[in-house]
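J.: Below you'll find the structure I mean.
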Amino acid sequence: MNNRQLFSQHLGQTSEFPLGLEIEKAKGLYMYDKNGKSYMDLISGIGVSSIGHRHPAVLSAIREQTDKYLHLMVYGEFVEAPQVQLAKALCDTLPDHLNNVFLVNSGSEATEGALKLAKRYTGRPKIVSCINAYHGSTSGALAAGGNESLKTPFRPLTPEVYHIVFGDEAYLETIDERTAAVIIEPIQGEAGVRIASPDYFKALRKRCDEMGCLLIYDEVQCGVGRSGTFWAFEQLDAAPDILLSAKGLGGGMPIGAFISSKDIMHSLTHDPILGHISTFGGHPVSAAAALATVNFLTESNLIEQAYAKGELFKSLLIHDKIKEVRGKGLMLAVAFESFDFLKTLIDHLIEKGFLTDWFLFCDDAMRIAPPLTIEKGEIKMACSAILQAIDEVSS
Ligand code: PMP
């Protein structure tokens with residue numbers, strides 16, 4: 001059997017229609033298949049390859065770390081330099097109260113840890129989240145997510161979750177004195193890149209303070225520079241009590257984090273002593289790669305440029321068939337008339353060597369989330385390919 005056959009026969013699948021490309025090598029903005037065909041990566045593995053594939057800074061950090069040690073001990077027992085230095089580098093990007101970083105392996109695990117932390121700290125049972133939010137695929141994170149179709153087949157899911165409408169202040173009353181936390185994406189990703197006003201987040205912060213509950217921002221997708229600031233919430237006048245990160249943080253390696261004040265985080269560790277345990281959390285090789293990514297991003301001007309690059313996409317993607325281009329920085333959704341049109345377009349773009357994608361909870365929009373290293377000339381090339389492909393599939 002060839003690899004494509006093994007993929008169908010022996011690899012657990014997440015959908016009936018996987019893209020199924022077999023890539024041999026990836027570098028920078030491009031992936032290459034075994035025939036040498038190149039694909040411009042306009043989605044960066046869903047926001048993961050934040051500084052491009054196999055960035056030299058990430059590769060050398062990985063090599064240096066593999067020369068020292070791989071796994072030593074379960075997370076949190078030993079002092080591991082990549083973990084503590086990453087924690088410090090993350091805290092340096094954040095307001096003073098977000099000064100304690102718990103490292104895990106993924107976005108879903110960051111959500112799970114944050115929900116447990118909020119329940120433990122407040123002693124309350126209730127979690128509030130937004131319709132069409134996505135916070136991960138493990139049971140607790142799935143329960144917090146706001147799309148019923150993903151959840152129904154797996155009920156009962158454990159946490160007590162109440163949903164509100166993203167961006168609508170009328171629903172803030174749902175947050176009450178039984179609420180441990182509200183979990184929300186500063187920019188909704190899988191809902192198809194939805195933005196709410198800064199006033200909404202101010203009102204949300206005020207309501208959480210009044211009710212004594214914690215505010216969790218899920219920046220797994222919108223964080224680490226994608227929106228034009230290191231954290232998307234820097235553009236809001238409302239900071240969280242707990243912040244989640246993953247995806248782009250590792251520069252291509254698996255890692256996640258939930259971040260709070262030391263005081264809040266402490267509630268995980270006292271009586272009973274084992275509040276949250278992970279064998280591989282903050283794996284030293286991933287932590288070294290993440291540290292290199294964070295350092296590279298903060299030392300370059302890529303984050304400042306992300307906003308202008310996003311605006312360039314918006315100014316070029318003008319066509320009768322495009323209903324709207326929404327988003328911030330390099331986190332964009334291009335809306336079309338129908339799912340069928342979009343599906344044909346995405347397939348056609350793959351044939352042309354451009355990789356785009358759709359969203360979990362938005363049928364008619366194309367995802368654009370390239371590495372932050374994409375250059376203006378490459379954006380122009382991508383946009384003309386998209387416009388040309390629209391004409392080709394329309395005719
Ligand atoms: N939160 C958000 C906002 C996400 O976009 C995702 C992944 N799409 C997750 C959490 C879950 O991350 P992971 O797939 O790494 O578990």
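Residues in the structure tokens are named by chain (A, B, ... in the order shown) and by number from 1 within that chain; ligands are numbered from 1 in the order shown.
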Neighbours of ligand 1 within 9 Å, counting only C-alpha atoms and all ligand atoms, as an MDAnalysis selection string?
T.: chainID A and resid 46:47 105:111 133:138 141 145 184:185 187:190 218:222 244:247 254:256 360
J.: Just list the residues in range 73-246 of chain A DSSP gives strand (DSSP E) on the backbone, as a PyMOL selection string.
T.: chain A and resi 100-104+126-130+160-164+179-184+187-188+194-195+214-218+242-245
J.: Compile a residue-level contact table for range 253-354 of chain A against range 81-88 of chain A at a cut-off of 10 Å, reporting for every qualifying residue the shortest atom pair and its distance in Å to one decimal, with only C-alpha atoms counted, rows ordered by chain and ascending number, as a tab-separated table.
T.:
```
residue	atom	partner	partner_atom	distance
A:Ala257	CA	A:Ala87	CA	9.2
A:Ile259	CA	A:Ala87	CA	9.1
A:Gly281	CA	A:Gln83	CA	9.6
A:Gly282	CA	A:Gln83	CA	6.3
A:His283	CA	A:Gln83	CA	7.9
A:Pro284	CA	A:Pro82	CA	5.7
A:Val285	CA	A:Pro82	CA	7.8
A:Ser286	CA	A:Pro82	CA	8.5
A:Ala287	CA	A:Pro82	CA	5.3
A:Ala288	CA	A:Pro82	CA	5.0
A:Ala289	CA	A:Pro82	CA	8.7
A:Ala290	CA	A:Leu86	CA	7.0
A:Leu291	CA	A:Leu86	CA	5.0
A:Ala292	CA	A:Leu86	CA	8.8
A:Thr293	CA	A:Leu86	CA	9.9
A:Val294	CA	A:Leu86	CA	8.1
A:Asn295	CA	A:Leu86	CA	9.3
```
J.: From range 69-259 of chain A, collect each residue whose DSSP state is alpha helix (DSSP H) and return the set as a PyMOL selection string.
T.: chain A and resi 81-92+107-122+139-144+148-151+198-211
J.: Excluding Asn132 in chain A and any residue of its chain fewer than 5 positions from it, enumerate the residues within 10 Å of it, using only C-alpha atoms, and give them as a PDB file with N, CA and C atoms, in the first residue's frame.
T.:
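For reference, around_25.pdb as written:
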```pdb
ATOM      1  N   GLY A 145     -17.559  24.918  24.178  1.00  0.00           N
ATOM      2  CA  GLY A 145     -17.763  25.392  22.810  1.00  0.00           C
ATOM      3  C   GLY A 145     -19.226  25.676  22.562  1.00  0.00           C
ATOM      4  N   GLY A 146     -19.500  26.519  21.554  1.00  0.00           N
ATOM      5  CA  GLY A 146     -20.874  26.982  21.373  1.00  0.00           C
ATOM      6  C   GLY A 146     -21.541  26.483  20.108  1.00  0.00           C
ATOM      7  N   ASN A 147     -21.144  25.310  19.590  1.00  0.00           N
ATOM      8  CA  ASN A 147     -21.813  24.777  18.405  1.00  0.00           C
ATOM      9  C   ASN A 147     -22.379  23.409  18.726  1.00  0.00           C
ATOM     10  N   GLU A 148     -23.710  23.296  18.681  1.00  0.00           N
ATOM     11  CA  GLU A 148     -24.390  22.077  19.131  1.00  0.00           C
ATOM     12  C   GLU A 148     -24.012  20.854  18.313  1.00  0.00           C
ATOM     13  N   HIS A 163     -24.749  29.483  27.323  1.00  0.00           N
ATOM     14  CA  HIS A 163     -24.225  30.230  26.170  1.00  0.00           C
ATOM     15  C   HIS A 163     -24.826  31.619  26.032  1.00  0.00           C
ATOM     16  N   ILE A 164     -23.996  32.532  25.578  1.00  0.00           N
ATOM     17  CA  ILE A 164     -24.443  33.898  25.303  1.00  0.00           C
ATOM     18  C   ILE A 164     -24.070  34.233  23.863  1.00  0.00           C
ATOM     19  N   VAL A 165     -24.637  35.322  23.341  1.00  0.00           N
ATOM     20  CA  VAL A 165     -24.343  35.707  21.960  1.00  0.00           C
ATOM     21  C   VAL A 165     -23.127  36.630  21.961  1.00  0.00           C
ATOM     22  N   PHE A 166     -22.111  36.227  21.221  1.00  0.00           N
ATOM     23  CA  PHE A 166     -20.863  36.993  21.125  1.00  0.00           C
ATOM     24  C   PHE A 166     -21.172  38.425  20.685  1.00  0.00           C
ATOM     25  N   GLN A 188     -13.430  35.784  17.405  1.00  0.00           N
ATOM     26  CA  GLN A 188     -13.892  34.398  17.218  1.00  0.00           C
ATOM     27  C   GLN A 188     -13.271  33.835  15.943  1.00  0.00           C
ATOM     28  N   GLY A 189     -12.636  32.665  16.061  1.00  0.00           N
ATOM     29  CA  GLY A 189     -11.969  32.060  14.915  1.00  0.00           C
ATOM     30  C   GLY A 189     -12.880  31.169  14.095  1.00  0.00           C
ATOM     31  N   GLU A 190     -13.255  30.018  14.660  1.00  0.00           N
ATOM     32  CA  GLU A 190     -14.010  29.024  13.878  1.00  0.00           C
ATOM     33  C   GLU A 190     -15.418  29.475  13.525  1.00  0.00           C
ATOM     34  N   ALA A 191     -15.898  30.531  14.179  1.00  0.00           N
ATOM     35  CA  ALA A 191     -17.196  31.102  13.791  1.00  0.00           C
ATOM     36  C   ALA A 191     -17.069  31.852  12.464  1.00  0.00           C
ATOM     37  N   GLY A 192     -15.847  31.964  11.952  1.00  0.00           N
ATOM     38  CA  GLY A 192     -15.632  32.631  10.679  1.00  0.00           C
ATOM     39  C   GLY A 192     -15.071  34.036  10.844  1.00  0.00           C
ATOM     40  N   ARG A 194     -15.074  36.581  13.662  1.00  0.00           N
ATOM     41  CA  ARG A 194     -16.075  37.569  14.100  1.00  0.00           C
ATOM     42  C   ARG A 194     -15.428  38.483  15.132  1.00  0.00           C
ATOM     43  N   LEU A 360     -14.918  25.811  10.855  1.00  0.00           N
ATOM     44  CA  LEU A 360     -15.802  24.793  11.429  1.00  0.00           C
ATOM     45  C   LEU A 360     -17.265  25.235  11.429  1.00  0.00           C
ATOM     46  N   PHE A 361     -17.515  26.499  11.802  1.00  0.00           N
ATOM     47  CA  PHE A 361     -18.907  26.929  12.007  1.00  0.00           C
ATOM     48  C   PHE A 361     -19.324  28.067  11.089  1.00  0.00           C
ATOM     49  N   CYS A 362     -18.793  28.072   9.894  1.00  0.00           N
ATOM     50  CA  CYS A 362     -19.179  29.129   8.951  1.00  0.00           C
ATOM     51  C   CYS A 362     -19.017  28.536   7.556  1.00  0.00           C
TER      52      CYS A 362
END
```
J.: Could you build a table of the residues in range 283-380 of chain A lying no more than 12 Å from range 21-27 of chain A, giving for each the nearest pair of atoms and their separation in Å rounded to one decimal place, using only C-alpha atoms, ordered by chain and ascending residue number, as a Markdown table?
T.:
```
| residue | atom | partner | partner_atom | distance |
| --- | --- | --- | --- | --- |
| A:Asp347 | CA | A:Leu21 | CA | 11.3 |
| A:Ile350 | CA | A:Leu21 | CA | 9.3 |
| A:Glu351 | CA | A:Leu21 | CA | 10.8 |
| A:Gly353 | CA | A:Leu21 | CA | 11.4 |
| A:Leu355 | CA | A:Leu21 | CA | 10.3 |
| A:Pro371 | CA | A:Lys27 | CA | 11.1 |
| A:Thr373 | CA | A:Lys27 | CA | 11.5 |
```
J.: For N, CA and C atoms, I'd like the residues from the last selection saved as an mmCIF file, in the first residue's frame.
T.:
```cif
data_model
loop_
_atom_site.group_PDB
_atom_site.id
_atom_site.type_symbol
_atom_site.label_atom_id
_atom_site.label_comp_id
_atom_site.auth_asym_id
_atom_site.auth_seq_id
_atom_site.Cartn_x
_atom_site.Cartn_y
_atom_site.Cartn_z
ATOM 1 N N ASP A 347 -10.898 23.769 -3.745
ATOM 2 C CA ASP A 347 -10.290 22.644 -4.481
ATOM 3 C C ASP A 347 -9.502 23.155 -5.688
ATOM 4 N N ILE A 350 -6.236 24.678 -4.708
ATOM 5 C CA ILE A 350 -5.215 23.664 -4.407
ATOM 6 C C ILE A 350 -4.562 23.192 -5.710
ATOM 7 N N GLU A 351 -5.392 22.969 -6.722
ATOM 8 C CA GLU A 351 -4.820 22.569 -8.022
ATOM 9 C C GLU A 351 -3.855 23.637 -8.530
ATOM 10 N N GLY A 353 -2.041 25.459 -6.701
ATOM 11 C CA GLY A 353 -0.890 25.576 -5.804
ATOM 12 C C GLY A 353 -1.065 26.616 -4.700
ATOM 13 N N LEU A 355 -3.028 27.050 -0.913
ATOM 14 C CA LEU A 355 -3.768 26.335 0.116
ATOM 15 C C LEU A 355 -4.589 27.306 0.964
ATOM 16 N N PRO A 371 1.423 32.490 7.346
ATOM 17 C CA PRO A 371 2.490 32.854 8.286
ATOM 18 C C PRO A 371 2.664 34.373 8.296
ATOM 19 N N THR A 373 5.217 35.910 8.260
ATOM 20 C CA THR A 373 6.391 36.244 7.443
ATOM 21 C C THR A 373 6.028 36.489 5.973
#
```
J.: Would you mind reading off the distance between CA of Tyr32 in chain A and CA of Ser44 in chain A, one decimal, in Å?
T.: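 Taking CA of Tyr32 in chain A and CA of Ser44 in chain A, their separation equals 13.8 Å.
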J.: Just want the 7 Å neighbourhood of range 376-389 of chain A, counted on only C-alpha atoms, with same-chain residues fewer than 5 positions away dropped. Output as a ChimeraX atom specification.
T.: /A:309,313,316-317,345,348-349
J.: Mind dumping the selected residues with all heavy atoms as a PDB file, in the first residue's frame?
T.:
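Listing of part-v6.pdb after writing:
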```
ATOM      1  N   LYS A 309      -0.603  44.182   6.389  1.00  0.00           N
ATOM      2  CA  LYS A 309      -0.683  43.056   5.443  1.00  0.00           C
ATOM      3  C   LYS A 309      -2.136  42.594   5.300  1.00  0.00           C
ATOM      4  O   LYS A 309      -2.603  42.270   4.213  1.00  0.00           O
ATOM      5  CB  LYS A 309       0.223  41.908   5.902  1.00  0.00           C
ATOM      6  CG  LYS A 309       1.709  42.210   5.706  1.00  0.00           C
ATOM      7  CD  LYS A 309       2.594  41.081   6.223  1.00  0.00           C
ATOM      8  CE  LYS A 309       4.064  41.414   6.024  1.00  0.00           C
ATOM      9  NZ  LYS A 309       4.957  40.409   6.625  1.00  0.00           N
ATOM     10  N   PHE A 313      -4.600  42.527   1.879  1.00  0.00           N
ATOM     11  CA  PHE A 313      -5.509  41.458   1.419  1.00  0.00           C
ATOM     12  C   PHE A 313      -6.897  42.050   1.153  1.00  0.00           C
ATOM     13  O   PHE A 313      -7.505  41.796   0.114  1.00  0.00           O
ATOM     14  CB  PHE A 313      -5.645  40.366   2.497  1.00  0.00           C
ATOM     15  CG  PHE A 313      -4.687  39.214   2.340  1.00  0.00           C
ATOM     16  CD1 PHE A 313      -3.620  39.057   3.220  1.00  0.00           C
ATOM     17  CD2 PHE A 313      -4.868  38.265   1.345  1.00  0.00           C
ATOM     18  CE1 PHE A 313      -2.742  37.974   3.097  1.00  0.00           C
ATOM     19  CE2 PHE A 313      -3.997  37.188   1.216  1.00  0.00           C
ATOM     20  CZ  PHE A 313      -2.933  37.041   2.090  1.00  0.00           C
ATOM     21  N   LEU A 316      -7.208  44.152  -1.981  1.00  0.00           N
ATOM     22  CA  LEU A 316      -7.039  43.448  -3.262  1.00  0.00           C
ATOM     23  C   LEU A 316      -8.172  42.454  -3.542  1.00  0.00           C
ATOM     24  O   LEU A 316      -8.471  42.158  -4.696  1.00  0.00           O
ATOM     25  CB  LEU A 316      -5.694  42.699  -3.284  1.00  0.00           C
ATOM     26  CG  LEU A 316      -4.443  43.590  -3.244  1.00  0.00           C
ATOM     27  CD1 LEU A 316      -3.184  42.746  -3.106  1.00  0.00           C
ATOM     28  CD2 LEU A 316      -4.364  44.443  -4.509  1.00  0.00           C
ATOM     29  N   LEU A 317      -8.782  41.940  -2.494  1.00  0.00           N
ATOM     30  CA  LEU A 317      -9.804  40.898  -2.701  1.00  0.00           C
ATOM     31  C   LEU A 317     -11.176  41.539  -2.958  1.00  0.00           C
ATOM     32  O   LEU A 317     -12.082  41.483  -2.122  1.00  0.00           O
ATOM     33  CB  LEU A 317      -9.851  39.943  -1.504  1.00  0.00           C
ATOM     34  CG  LEU A 317      -8.642  39.000  -1.408  1.00  0.00           C
ATOM     35  CD1 LEU A 317      -8.688  38.160  -0.147  1.00  0.00           C
ATOM     36  CD2 LEU A 317      -8.555  38.090  -2.656  1.00  0.00           C
ATOM     37  N   LEU A 345     -14.080  26.322  -5.186  1.00  0.00           N
ATOM     38  CA  LEU A 345     -12.998  27.311  -5.258  1.00  0.00           C
ATOM     39  C   LEU A 345     -11.756  26.843  -4.489  1.00  0.00           C
ATOM     40  O   LEU A 345     -10.626  26.926  -4.989  1.00  0.00           O
ATOM     41  CB  LEU A 345     -13.518  28.645  -4.693  1.00  0.00           C
ATOM     42  CG  LEU A 345     -12.548  29.815  -4.718  1.00  0.00           C
ATOM     43  CD1 LEU A 345     -12.139  30.163  -6.153  1.00  0.00           C
ATOM     44  CD2 LEU A 345     -13.166  31.038  -4.038  1.00  0.00           C
ATOM     45  N   HIS A 348     -10.093  24.120  -6.390  1.00  0.00           N
ATOM     46  CA  HIS A 348      -9.429  24.659  -7.583  1.00  0.00           C
ATOM     47  C   HIS A 348      -8.135  25.397  -7.198  1.00  0.00           C
ATOM     48  O   HIS A 348      -7.116  25.284  -7.882  1.00  0.00           O
ATOM     49  CB  HIS A 348     -10.402  25.590  -8.314  1.00  0.00           C
ATOM     50  CG  HIS A 348      -9.872  26.060  -9.632  1.00  0.00           C
ATOM     51  ND1 HIS A 348      -9.457  25.188 -10.630  1.00  0.00           N
ATOM     52  CD2 HIS A 348      -9.656  27.316 -10.120  1.00  0.00           C
ATOM     53  CE1 HIS A 348      -9.019  25.890 -11.663  1.00  0.00           C
ATOM     54  NE2 HIS A 348      -9.130  27.182 -11.372  1.00  0.00           N
ATOM     55  N   LEU A 349      -8.175  26.098  -6.079  1.00  0.00           N
ATOM     56  CA  LEU A 349      -6.967  26.812  -5.630  1.00  0.00           C
ATOM     57  C   LEU A 349      -5.861  25.828  -5.264  1.00  0.00           C
ATOM     58  O   LEU A 349      -4.673  26.095  -5.490  1.00  0.00           O
ATOM     59  CB  LEU A 349      -7.294  27.728  -4.447  1.00  0.00           C
ATOM     60  CG  LEU A 349      -7.858  29.090  -4.851  1.00  0.00           C
ATOM     61  CD1 LEU A 349      -8.503  29.787  -3.661  1.00  0.00           C
ATOM     62  CD2 LEU A 349      -6.753  29.982  -5.439  1.00  0.00           C
TER      63      LEU A 349
END
```
J.: Counting only C-alpha atoms, what is within 6 Å of range 121-128 of chain A, bar same-chain residues fewer than 4 positions away, as a list in words?
T.: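 With the cut-off at 6 Å, the set is Leu117, Glu160, Val161, Tyr162, His163, Arg178, Thr179, Ala180, Ala181, Val182 and Ser267 of chain A.
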J.: Just to be explicit: take each residue in the selection above, keep N, CA, C and O atoms, and write the result as an mmCIF file, in the first residue's frame.
T.:
```
data_model
loop_
_atom_site.group_PDB
_atom_site.id
_atom_site.type_symbol
_atom_site.label_atom_id
_atom_site.label_comp_id
_atom_site.auth_asym_id
_atom_site.auth_seq_id
_atom_site.Cartn_x
_atom_site.Cartn_y
_atom_site.Cartn_z
ATOM 1 N N LEU A 117 -9.235 25.563 36.758
ATOM 2 C CA LEU A 117 -8.678 26.609 37.615
ATOM 3 C C LEU A 117 -9.776 27.571 38.076
ATOM 4 O O LEU A 117 -9.874 27.904 39.267
ATOM 5 N N GLU A 160 -21.122 22.572 33.591
ATOM 6 C CA GLU A 160 -22.424 23.236 33.474
ATOM 7 C C GLU A 160 -22.189 24.526 32.678
ATOM 8 O O GLU A 160 -21.646 25.498 33.209
ATOM 9 N N VAL A 161 -22.568 24.518 31.398
ATOM 10 C CA VAL A 161 -22.212 25.634 30.516
ATOM 11 C C VAL A 161 -23.461 26.358 30.020
ATOM 12 O O VAL A 161 -24.424 25.718 29.604
ATOM 13 N N TYR A 162 -23.444 27.676 30.051
ATOM 14 C CA TYR A 162 -24.537 28.508 29.534
ATOM 15 C C TYR A 162 -23.980 29.364 28.412
ATOM 16 O O TYR A 162 -22.897 29.932 28.548
ATOM 17 N N HIS A 163 -24.749 29.483 27.323
ATOM 18 C CA HIS A 163 -24.225 30.230 26.170
ATOM 19 C C HIS A 163 -24.826 31.619 26.032
ATOM 20 O O HIS A 163 -26.000 31.830 26.309
ATOM 21 N N ARG A 178 -23.325 32.519 40.440
ATOM 22 C CA ARG A 178 -22.932 31.094 40.400
ATOM 23 C C ARG A 178 -21.845 30.865 39.346
ATOM 24 O O ARG A 178 -21.349 29.760 39.189
ATOM 25 N N THR A 179 -21.523 31.909 38.610
ATOM 26 C CA THR A 179 -20.610 31.742 37.472
ATOM 27 C C THR A 179 -19.147 31.751 37.936
ATOM 28 O O THR A 179 -18.716 32.704 38.586
ATOM 29 N N ALA A 180 -18.434 30.681 37.570
ATOM 30 C CA ALA A 180 -16.996 30.633 37.875
ATOM 31 C C ALA A 180 -16.233 31.482 36.871
ATOM 32 O O ALA A 180 -15.307 32.205 37.233
ATOM 33 N N ALA A 181 -16.601 31.342 35.585
ATOM 34 C CA ALA A 181 -15.842 32.052 34.552
ATOM 35 C C ALA A 181 -16.652 32.222 33.285
ATOM 36 O O ALA A 181 -17.548 31.428 32.977
ATOM 37 N N VAL A 182 -16.286 33.251 32.555
ATOM 38 C CA VAL A 182 -16.746 33.414 31.175
ATOM 39 C C VAL A 182 -15.539 33.119 30.308
ATOM 40 O O VAL A 182 -14.454 33.654 30.555
ATOM 41 N N SER A 267 -4.345 28.302 43.451
ATOM 42 C CA SER A 267 -5.493 27.521 43.916
ATOM 43 C C SER A 267 -5.498 26.112 43.300
ATOM 44 O O SER A 267 -6.169 25.222 43.800
#
```
J.: Rank A:Ser139, A:Ser8, A:Thr269, A:Ser129 by their smallest atom-to-atom distance to Leu172 in chain A, using only C-alpha atoms, and report the top residue only.
T.: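 Under the stated criterion, the closest residue is A:Ser129.
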J.: Give me the residues within 10 Å of Lys321 in chain A as a PDB file with all heavy atoms, in the first residue's frame, counting only C-alpha atoms and dropping any in the same chain fewer than 3 places off.
T.:
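And here's around-v7.pdb as it stands now:
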```
ATOM      1  N   ILE A 318     -11.264  42.156  -4.112  1.00  0.00           N
ATOM      2  CA  ILE A 318     -12.535  42.797  -4.500  1.00  0.00           C
ATOM      3  C   ILE A 318     -13.044  42.106  -5.758  1.00  0.00           C
ATOM      4  O   ILE A 318     -12.326  42.003  -6.765  1.00  0.00           O
ATOM      5  CB  ILE A 318     -12.312  44.309  -4.722  1.00  0.00           C
ATOM      6  CG1 ILE A 318     -11.990  44.948  -3.363  1.00  0.00           C
ATOM      7  CG2 ILE A 318     -13.551  44.957  -5.347  1.00  0.00           C
ATOM      8  CD1 ILE A 318     -11.517  46.352  -3.430  1.00  0.00           C
ATOM      9  N   GLU A 324     -17.771  39.819   1.349  1.00  0.00           N
ATOM     10  CA  GLU A 324     -17.144  40.577   2.434  1.00  0.00           C
ATOM     11  C   GLU A 324     -15.767  39.969   2.733  1.00  0.00           C
ATOM     12  O   GLU A 324     -15.595  38.760   2.612  1.00  0.00           O
ATOM     13  CB  GLU A 324     -18.035  40.416   3.674  1.00  0.00           C
ATOM     14  CG  GLU A 324     -17.597  41.148   4.890  1.00  0.00           C
ATOM     15  CD  GLU A 324     -18.400  40.768   6.150  1.00  0.00           C
ATOM     16  OE1 GLU A 324     -19.078  39.718   6.178  1.00  0.00           O
ATOM     17  OE2 GLU A 324     -18.308  41.522   7.111  1.00  0.00           O
ATOM     18  N   ALA A 335     -15.920  36.031   2.561  1.00  0.00           N
ATOM     19  CA  ALA A 335     -17.261  35.434   2.481  1.00  0.00           C
ATOM     20  C   ALA A 335     -17.768  35.379   1.037  1.00  0.00           C
ATOM     21  O   ALA A 335     -17.627  36.349   0.286  1.00  0.00           O
ATOM     22  CB  ALA A 335     -18.226  36.226   3.348  1.00  0.00           C
ATOM     23  N   PHE A 336     -18.339  34.216   0.692  1.00  0.00           N
ATOM     24  CA  PHE A 336     -18.905  34.001  -0.650  1.00  0.00           C
ATOM     25  C   PHE A 336     -20.397  33.708  -0.536  1.00  0.00           C
ATOM     26  O   PHE A 336     -20.954  33.695   0.565  1.00  0.00           O
ATOM     27  CB  PHE A 336     -18.173  32.845  -1.344  1.00  0.00           C
ATOM     28  CG  PHE A 336     -16.757  33.181  -1.687  1.00  0.00           C
ATOM     29  CD1 PHE A 336     -15.723  32.906  -0.801  1.00  0.00           C
ATOM     30  CD2 PHE A 336     -16.461  33.814  -2.879  1.00  0.00           C
ATOM     31  CE1 PHE A 336     -14.414  33.244  -1.105  1.00  0.00           C
ATOM     32  CE2 PHE A 336     -15.155  34.161  -3.195  1.00  0.00           C
ATOM     33  CZ  PHE A 336     -14.132  33.868  -2.302  1.00  0.00           C
ATOM     34  N   GLU A 337     -21.021  33.420  -1.700  1.00  0.00           N
ATOM     35  CA  GLU A 337     -22.471  33.212  -1.674  1.00  0.00           C
ATOM     36  C   GLU A 337     -22.881  31.866  -1.103  1.00  0.00           C
ATOM     37  O   GLU A 337     -23.914  31.756  -0.457  1.00  0.00           O
ATOM     38  CB  GLU A 337     -23.034  33.330  -3.097  1.00  0.00           C
ATOM     39  CG  GLU A 337     -23.274  34.763  -3.506  1.00  0.00           C
ATOM     40  CD  GLU A 337     -23.139  34.976  -4.996  1.00  0.00           C
ATOM     41  OE1 GLU A 337     -23.261  33.987  -5.758  1.00  0.00           O
ATOM     42  OE2 GLU A 337     -22.875  36.121  -5.392  1.00  0.00           O
ATOM     43  N   SER A 338     -22.103  30.830  -1.386  1.00  0.00           N
ATOM     44  CA  SER A 338     -22.555  29.498  -0.948  1.00  0.00           C
ATOM     45  C   SER A 338     -21.384  28.582  -0.619  1.00  0.00           C
ATOM     46  O   SER A 338     -20.253  28.803  -1.073  1.00  0.00           O
ATOM     47  CB  SER A 338     -23.378  28.838  -2.055  1.00  0.00           C
ATOM     48  OG  SER A 338     -22.502  28.439  -3.091  1.00  0.00           O
ATOM     49  N   PHE A 341     -20.014  26.798  -3.858  1.00  0.00           N
ATOM     50  CA  PHE A 341     -19.076  27.634  -4.625  1.00  0.00           C
ATOM     51  C   PHE A 341     -17.713  27.646  -3.932  1.00  0.00           C
ATOM     52  O   PHE A 341     -16.663  27.463  -4.554  1.00  0.00           O
ATOM     53  CB  PHE A 341     -19.632  29.064  -4.745  1.00  0.00           C
ATOM     54  CG  PHE A 341     -18.743  29.962  -5.557  1.00  0.00           C
ATOM     55  CD1 PHE A 341     -18.801  29.947  -6.945  1.00  0.00           C
ATOM     56  CD2 PHE A 341     -17.822  30.804  -4.938  1.00  0.00           C
ATOM     57  CE1 PHE A 341     -17.963  30.765  -7.704  1.00  0.00           C
ATOM     58  CE2 PHE A 341     -16.974  31.611  -5.685  1.00  0.00           C
ATOM     59  CZ  PHE A 341     -17.048  31.590  -7.067  1.00  0.00           C
ATOM     60  N   LEU A 387      -8.511  35.680  -7.207  1.00  0.00           N
ATOM     61  CA  LEU A 387      -9.460  36.356  -8.112  1.00  0.00           C
ATOM     62  C   LEU A 387      -9.583  35.591  -9.427  1.00  0.00           C
ATOM     63  O   LEU A 387     -10.682  35.394  -9.954  1.00  0.00           O
ATOM     64  CB  LEU A 387      -9.006  37.798  -8.369  1.00  0.00           C
ATOM     65  CG  LEU A 387      -9.004  38.716  -7.135  1.00  0.00           C
ATOM     66  CD1 LEU A 387      -8.461  40.093  -7.476  1.00  0.00           C
ATOM     67  CD2 LEU A 387     -10.400  38.832  -6.526  1.00  0.00           C
ATOM     68  N   ILE A 390     -11.611  32.477  -8.901  1.00  0.00           N
ATOM     69  CA  ILE A 390     -13.047  32.781  -8.817  1.00  0.00           C
ATOM     70  C   ILE A 390     -13.629  32.860 -10.225  1.00  0.00           C
ATOM     71  O   ILE A 390     -14.680  32.274 -10.522  1.00  0.00           O
ATOM     72  CB  ILE A 390     -13.304  34.114  -8.052  1.00  0.00           C
ATOM     73  CG1 ILE A 390     -12.853  33.990  -6.598  1.00  0.00           C
ATOM     74  CG2 ILE A 390     -14.780  34.494  -8.114  1.00  0.00           C
ATOM     75  CD1 ILE A 390     -12.904  35.295  -5.797  1.00  0.00           C
ATOM     76  N   ASP A 391     -12.930  33.574 -11.118  1.00  0.00           N
ATOM     77  CA  ASP A 391     -13.412  33.689 -12.510  1.00  0.00           C
ATOM     78  C   ASP A 391     -13.459  32.312 -13.164  1.00  0.00           C
ATOM     79  O   ASP A 391     -14.414  31.984 -13.851  1.00  0.00           O
ATOM     80  CB  ASP A 391     -12.488  34.610 -13.327  1.00  0.00           C
ATOM     81  CG  ASP A 391     -12.689  36.066 -12.948  1.00  0.00           C
ATOM     82  OD1 ASP A 391     -13.778  36.390 -12.428  1.00  0.00           O
ATOM     83  OD2 ASP A 391     -11.756  36.868 -13.149  1.00  0.00           O
ATOM     84  N   SER A 394     -16.326  30.265 -11.886  1.00  0.00           N
ATOM     85  CA  SER A 394     -17.632  30.884 -12.177  1.00  0.00           C
ATOM     86  C   SER A 394     -18.019  30.642 -13.629  1.00  0.00           C
ATOM     87  O   SER A 394     -19.202  30.662 -13.966  1.00  0.00           O
ATOM     88  CB  SER A 394     -17.590  32.398 -11.978  1.00  0.00           C
ATOM     89  OG  SER A 394     -17.100  32.717 -10.729  1.00  0.00           O
TER      90      SER A 394
END
```
J.: In Å to one decimal, how far is CA of Leu115 in chain A from CA of Phe102 in chain A?
T.: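 Computing the Euclidean distance for CA of Phe102 in chain A and CA of Leu115 in chain A yields 13.0 Å.
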J.: Please provide the set of residues having any atom within 10 Å of Gly327 in chain A, restricted to only C-alpha atoms, with same-chain residues fewer than 2 positions apart removed, written as a ChimeraX atom specification.
T.: /A:187-189,192-195,227,307,310-311,314,324-325,329-334,368
